[in-house]
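Asks: Provided herewith is a single structure, encoded as C-alpha cells, for subsequent inquiry.
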Amino acid sequence: MQKTNSSLNFKGIFIFWLPLAATWLMMSTEGPFVAAIIARLPEPKFNLAAHGVAYSFALLMEAPIIMIMSASTALVKDRDSLIKLRKFTYTMNGAITLIMAVFLTPPPFNFVTQTIIGLPENVAQLTHYACILLLPWPSAIGYRRYYQGILIRSNLTRRVAYGTVVRLTAMVSISLFFYFVFPIHGAIVGAAALSTGVIAEATASRMMARSSVRRLLHKSPQQSGRALLSYRFITNFYFPLALTSILALGIRPLVTFFLGNSRMAIESLAALPVVYSLVFIFRSMGLSFQEVGIALLGEQNQNYRPLKNFSIFLGFFVTFGLFLFTFTPLSHVWFHQISGLSLELTEFAIFPAQLMVLLPGLTVLLSFQRSLLVTNKKTKPITLATFIEVAGVTSLLLLTLKGFNMIGLIAAAIALVLGRLISNTYLFRPFFKTLKRNSPSSPGSSEGSPT
C-alpha cells in the first residue's frame, strides 16, 4: 500500500528501502561471482571478453521490458489494471524473444560481432554460444519484474528480496556444478548460470505474489477510485520508459563496440565486466531507490522532503563506499584475489574504476529525479535525458578514442561519468517544474496526464 502521510521519516523510508536495496545488492554480486568463476577457468581473457559482449547483448534485448516494474508499481491497483498490464507485459515478452532469436541466426550475429565490433573469430563463437543460452533471459526479466512491481505496491518488499535469494542460489549452484564437476568454456558457464538464476527468480516471484494478485482480482476500479486503463494509456505511459531503458542499457553495447576498436581492445573487453560489476554493486543501492520514491512520494508529492534527505545520505554513502574499494589496497584484494584477474589486468582495471567513483552518487540522484517524474506521469523528460546521456557518451568516446587515442577502458570510464552528469543536469528543470506544479500547496495540483 502506498504511504501518503506527511509523517514519513528516515526510519520508515529505510525499512521500506532495505529489502529492495538487498535485492539489488544481491543481484550486483552475480556479476563479480560469474566473472570470478570465468577468470579461474581456461583461457580467461577470451572467455571474459565473450561473456562481457554476450551480457551486453542480453541487456540490450531486455531493455524494452525492464521498466515494467516501475509501471506495475505505479499502475496496478485493481482487477482491470492488473489484467491489462499483464497482457501488455506478455505481448512485449513474446516480441522481444522473437527479435532476439532472429538476431542469433548466423548472418546478422556474425555481421555485428565480427564485422562491426571486430571480435576475433574464437571470441565471436564463444559469444554466440553464450547468447543462445541467454535467449530466455529477457522474457524471464519481464515476467518477474511485473510481479515484483505488484509486491512493492503491496508493501511486500521483503518478498522481492527472497526471490533474489532464490536467483542467486540457483546461479551459484549451476556455476559451481560446471566449475567442479563438468568444466566447460567460461563464457558458456556464465550464460547458463545467469539464465537459470533469473528463471528461478521469476517463478518464485509469481508464487509469492499470489495473495496480492487474488486481492487485486477482487478489487474493482470503482473501489480503487481510478478510471479504467486503456491500452493506449498504458502504451503512452510506458513507451517513454521503454525507450529510456533501451537507450540506457544500450550504452553498454555501445561501449563494447568502441572498446572492440580501441587501443588494448582485448584487455579492455576482459576488464570491463569486472570493473562494471564492482561499480554496479554501489550503483545498485541507488537504482533500488527509484521504486521507493514511486511508492512513497504520495499523490501530491507530500513526502518529497524526507525522501530528498534520505537520497542525499544514500548518495554520499555509496560514493564513499566505491572510493574505499578503488583508492585503497582493497582494490588489489577485489580485482586480483576475489575477481581472479591477473596482476597485469588488475593494474589495468584500477584507474578506470577510480574514474567512475562518482557514478553511484549520480545514480541515486537520477533515481530520485525519475521517481518524482514517473509518479506524476511525466515520463518524456526521462527519455530525453537518457537520449542526451547516450549522445554525450557517444561523443565523448569518439573524442577520447579517435581524437586522443586513449586506452579503451579509460575512455569508457570518462564518457560514462560525464554522460550521466549531463543527464542529471538536464533533468533538474522538469523535476522542479513538476514538483512546483504538483505539491500540497498548489490548489490546482493533479496527477497530470500521461506524457
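Naming scheme: A, B, ... for chains in displayed order of the C-alpha cells; residues 1 onward per chain; ligands 1 onward as shown.
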Can you pull out the residues contacting segment 393-406 of chain A? Cut-off 10 Å, using only C-alpha atoms, and skip same-chain residues under 2 positions away; I want them as a compact mmCIF listing (two decimals) with C-alpha atoms, in the first residue's frame.

Replies:
# COMPACT_ATOMS: atom_id res chain seq x y z
CA ILE A 251 25.13 2.28 -23.54
CA LEU A 254 27.80 0.89 -27.43
CA VAL A 255 30.82 0.97 -25.14
CA PHE A 258 34.02 1.25 -29.17
CA LEU A 259 36.27 -0.88 -26.96
CA ASN A 261 38.04 -0.95 -31.92
CA SER A 262 40.27 0.77 -29.35
CA ARG A 263 43.82 0.51 -28.07
CA MET A 264 44.30 -2.60 -25.89
CA PHE A 387 18.96 10.28 -25.09
CA ILE A 388 21.17 13.20 -24.07
CA GLU A 389 23.26 10.85 -21.93
CA VAL A 390 23.74 8.37 -24.78
CA ALA A 391 24.63 11.17 -27.18
CA GLY A 408 39.59 1.88 -24.42
CA LEU A 409 38.57 1.27 -20.81
CA ILE A 410 39.86 4.64 -19.60
CA ALA A 411 37.93 6.44 -22.35
CA ALA A 412 34.80 4.46 -21.44
CA ALA A 413 35.06 5.43 -17.76
CA ILE A 414 35.37 9.12 -18.57
CA ALA A 415 32.47 9.01 -21.04
CA LEU A 416 30.12 7.13 -18.68
CA VAL A 417 30.62 9.55 -15.79
CA LEU A 418 30.35 12.75 -17.81
CA GLY A 419 27.39 11.42 -19.80
CA ARG A 420 25.47 10.66 -16.59
CA ILE A 422 24.90 15.78 -18.27

Asks: Which residues of segment 173-257 of chain A come within 10 Å of segment 114-118 of chain A, and what is each one's closest atom pair and distance in Å (one decimal), counting only C-alpha atoms, sorted by chain and residue number, as CSV?

Replies:
residue,atom,partner,partner_atom,distance
A:Pro253,CA,A:Ile117,CA,9.6
A:Leu254,CA,A:Ile117,CA,9.6
A:Thr256,CA,A:Ile117,CA,7.6
A:Phe257,CA,A:Ile117,CA,4.9

Asks: Just write the chosen residues, C-alpha atoms, as an mmCIF file, in the first residue's frame.

Replies:
data_model
loop_
_atom_site.group_PDB
_atom_site.id
_atom_site.type_symbol
_atom_site.label_atom_id
_atom_site.label_comp_id
_atom_site.auth_asym_id
_atom_site.auth_seq_id
_atom_site.Cartn_x
_atom_site.Cartn_y
_atom_site.Cartn_z
ATOM 1 C CA PRO A 253 26.804 -2.495 -26.057
ATOM 2 C CA LEU A 254 27.804 0.894 -27.433
ATOM 3 C CA THR A 256 31.613 -2.631 -26.130
ATOM 4 C CA PHE A 257 31.626 -1.624 -29.791
#

Asks: What's the separation between atom CA of Arg79 of chain A and atom CA of Lys219 of chain A, in Å to one decimal place?

Replies: 5.7 Å

Asks: When you look at Ile199 of chain A with a cut-off of 12 Å (counting only C-alpha atoms), what residues show up, excluding the ones that are within fewer than 3 positions of it in the same chain? I need them as JSON, numbers by chain.

Replies: {"A": [134, 135, 136, 137, 138, 139, 140, 141, 142, 143, 144, 145, 163, 164, 166, 167, 168, 169, 170, 171, 192, 193, 194, 195, 196, 202, 203, 204, 205, 206]}

Asks: May I have the selected residues written with C-alpha atoms, as a compact mmCIF listing (two decimals), in the first residue's frame?

Replies:
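File selection26.txt, as written:
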# COMPACT_ATOMS: atom_id res chain seq x y z
CA LEU A 134 20.69 -16.25 -22.66
CA LEU A 135 17.66 -16.44 -25.00
CA PRO A 136 15.17 -16.94 -22.10
CA TRP A 137 16.70 -14.01 -20.19
CA PRO A 138 14.58 -11.04 -21.44
CA SER A 139 11.19 -12.74 -21.02
CA ALA A 140 12.09 -14.02 -17.57
CA ILE A 141 13.16 -10.49 -16.60
CA GLY A 142 9.87 -9.01 -17.80
CA TYR A 143 7.78 -11.69 -16.09
CA ARG A 144 9.42 -11.36 -12.70
CA ARG A 145 9.59 -7.53 -12.76
CA GLY A 163 13.12 -14.01 -4.82
CA THR A 164 16.64 -12.72 -5.35
CA VAL A 166 16.37 -17.96 -4.96
CA ARG A 167 18.00 -16.45 -8.05
CA LEU A 168 21.46 -16.34 -6.50
CA THR A 169 21.16 -19.85 -5.07
CA ALA A 170 20.31 -21.25 -8.49
CA MET A 171 23.02 -19.22 -10.20
CA ALA A 192 23.91 -20.84 -18.23
CA ALA A 193 24.18 -19.62 -14.64
CA LEU A 194 22.58 -16.24 -15.38
CA SER A 195 19.65 -17.73 -17.30
CA THR A 196 18.97 -20.41 -14.69
CA ALA A 202 10.70 -15.28 -11.98
CA THR A 203 8.98 -18.47 -10.81
CA ALA A 204 9.46 -17.56 -7.16
CA SER A 205 8.16 -14.00 -7.70
CA ARG A 206 4.94 -15.30 -9.26

Asks: Please report as a tab-separated table every residue of segment 155-242 of chain A lying within 8 Å of segment 20-28 of chain A, along with the nearest atom pair and their distance in Å (one decimal), using only C-alpha atoms.

Replies:
residue	atom	partner	partner_atom	distance
A:Thr157	CA	A:Leu20	CA	6.2
A:Arg158	CA	A:Leu20	CA	7.4
A:Val160	CA	A:Thr23	CA	6.7
A:Ala161	CA	A:Thr23	CA	4.6
A:Tyr162	CA	A:Thr23	CA	7.9
A:Thr164	CA	A:Thr23	CA	5.7
A:Val165	CA	A:Met26	CA	7.5
A:Leu168	CA	A:Met26	CA	7.4

Asks: Would you export the selected residues with N, CA and C atoms as an mmCIF file, in the first residue's frame, please?

Replies:
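selection33.cif was written with the following content:
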data_model
loop_
_atom_site.group_PDB
_atom_site.id
_atom_site.type_symbol
_atom_site.label_atom_id
_atom_site.label_comp_id
_atom_site.auth_asym_id
_atom_site.auth_seq_id
_atom_site.Cartn_x
_atom_site.Cartn_y
_atom_site.Cartn_z
ATOM 1 N N THR A 157 8.025 -5.755 0.151
ATOM 2 C CA THR A 157 9.360 -5.656 -0.452
ATOM 3 C C THR A 157 10.286 -6.781 0.005
ATOM 4 N N ARG A 158 10.030 -7.358 1.172
ATOM 5 C CA ARG A 158 10.877 -8.468 1.617
ATOM 6 C C ARG A 158 10.774 -9.659 0.675
ATOM 7 N N VAL A 160 10.413 -9.550 -2.473
ATOM 8 C CA VAL A 160 11.277 -9.274 -3.619
ATOM 9 C C VAL A 160 12.696 -9.747 -3.319
ATOM 10 N N ALA A 161 13.135 -9.465 -2.090
ATOM 11 C CA ALA A 161 14.478 -9.900 -1.678
ATOM 12 C C ALA A 161 14.566 -11.423 -1.607
ATOM 13 N N TYR A 162 13.496 -12.074 -1.135
ATOM 14 C CA TYR A 162 13.508 -13.533 -1.070
ATOM 15 C C TYR A 162 13.663 -14.130 -2.470
ATOM 16 N N THR A 164 15.244 -12.862 -4.927
ATOM 17 C CA THR A 164 16.637 -12.719 -5.352
ATOM 18 C C THR A 164 17.529 -13.752 -4.689
ATOM 19 N N VAL A 165 17.201 -14.149 -3.456
ATOM 20 C CA VAL A 165 17.941 -15.233 -2.798
ATOM 21 C C VAL A 165 17.808 -16.518 -3.616
ATOM 22 N N LEU A 168 20.038 -16.168 -6.766
ATOM 23 C CA LEU A 168 21.460 -16.340 -6.500
ATOM 24 C C LEU A 168 21.806 -17.786 -6.159
#

Asks: Which of these, A:Met207, A:Leu176, A:Leu8, A:Leu228, has the shortest distance to Phe33 of chain A once you count only C-alpha atoms?

Replies: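 Of A:Met207, A:Leu176, A:Leu8, A:Leu228, the one nearest Phe33 of chain A is A:Leu176, counting only C-alpha atoms.
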
Asks: Give one line per residue of segment 41-73 of chain A that approaches segment 278-294 of chain A to at most 10 Å, naming the two atoms of the closest pair and their distance in Å to one decimal, counting only C-alpha atoms; sort by chain then ascending residue number and deliver it as CSV.

Replies:
residue,atom,partner,partner_atom,distance
A:Met69,CA,A:Glu291,CA,8.1
A:Ser70,CA,A:Glu291,CA,6.3
A:Ala71,CA,A:Ile294,CA,9.7
A:Thr73,CA,A:Glu291,CA,7.3

Asks: Identify all residues of segment 314-349 of chain A in helix (DSSP H, G or I) (DSSP on the backbone) and supply them as a list of chain:residue names.

Replies: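 In segment 314-349 of chain A, DSSP puts these residues in helix (DSSP H, G or I): A:Leu314, A:Gly315, A:Phe316, A:Phe317, A:Val318, A:Thr319, A:Phe320, A:Gly321, A:Leu322, A:Phe323, A:Leu324, A:Phe325, A:Thr326, A:Leu330, A:Ser331, A:His332, A:Val333, A:Trp334, A:Phe335, A:His336, A:Gln337, A:Ile338, A:Leu343, A:Glu344, A:Leu345, A:Thr346, A:Glu347, A:Phe348, A:Ala349.
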
Asks: What does the file look like for those residues with C-alpha atoms, as a compact mmCIF listing (two decimals), in the first residue's frame?

Replies:
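This went into again_30.txt:
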# COMPACT_ATOMS: atom_id res chain seq x y z
CA LEU A 314 22.40 7.48 0.37
CA GLY A 315 24.31 9.29 -2.37
CA PHE A 316 27.21 10.14 -0.06
CA PHE A 317 27.22 6.63 1.40
CA VAL A 318 27.52 4.76 -1.92
CA THR A 319 30.09 7.18 -3.33
CA PHE A 320 32.29 6.80 -0.27
CA GLY A 321 31.92 3.01 -0.47
CA LEU A 322 33.26 2.88 -4.03
CA PHE A 323 36.02 5.31 -3.07
CA LEU A 324 37.25 2.84 -0.43
CA PHE A 325 37.31 -0.01 -2.94
CA THR A 326 39.19 1.89 -5.64
CA LEU A 330 41.13 -3.03 -1.23
CA SER A 331 41.36 -2.53 -4.99
CA HIS A 332 44.03 -5.24 -5.30
CA VAL A 333 42.09 -7.50 -2.97
CA TRP A 334 38.96 -7.11 -5.07
CA PHE A 335 40.36 -7.31 -8.59
CA HIS A 336 43.14 -9.86 -8.04
CA GLN A 337 42.21 -12.06 -5.07
CA ILE A 338 38.42 -12.01 -5.31
CA LEU A 343 48.21 -8.86 -11.76
CA GLU A 344 48.54 -7.29 -15.19
CA LEU A 345 44.77 -6.95 -15.66
CA THR A 346 44.38 -5.83 -12.04
CA GLU A 347 46.70 -2.88 -12.59
CA PHE A 348 44.93 -2.18 -15.86
CA ALA A 349 41.48 -2.09 -14.18

Asks: Find the distance between atom CA of Ile83 of chain A and atom CA of Arg370 of chain A and write it in Å to one decimal.

Replies: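 Answer for the atom CA of Ile83 of chain A to atom CA of Arg370 of chain A separation: 25.5 Å.
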
Asks: As an MDAnalysis selection string, please: the residues near Lys378 of chain A (cut-off 12 Å, only C-alpha atoms, same-chain neighbours under 2 positions excluded).

Replies: chainID A and resid 236:241 369:376 380:384 427 430:431 433:435 437:438 446:451
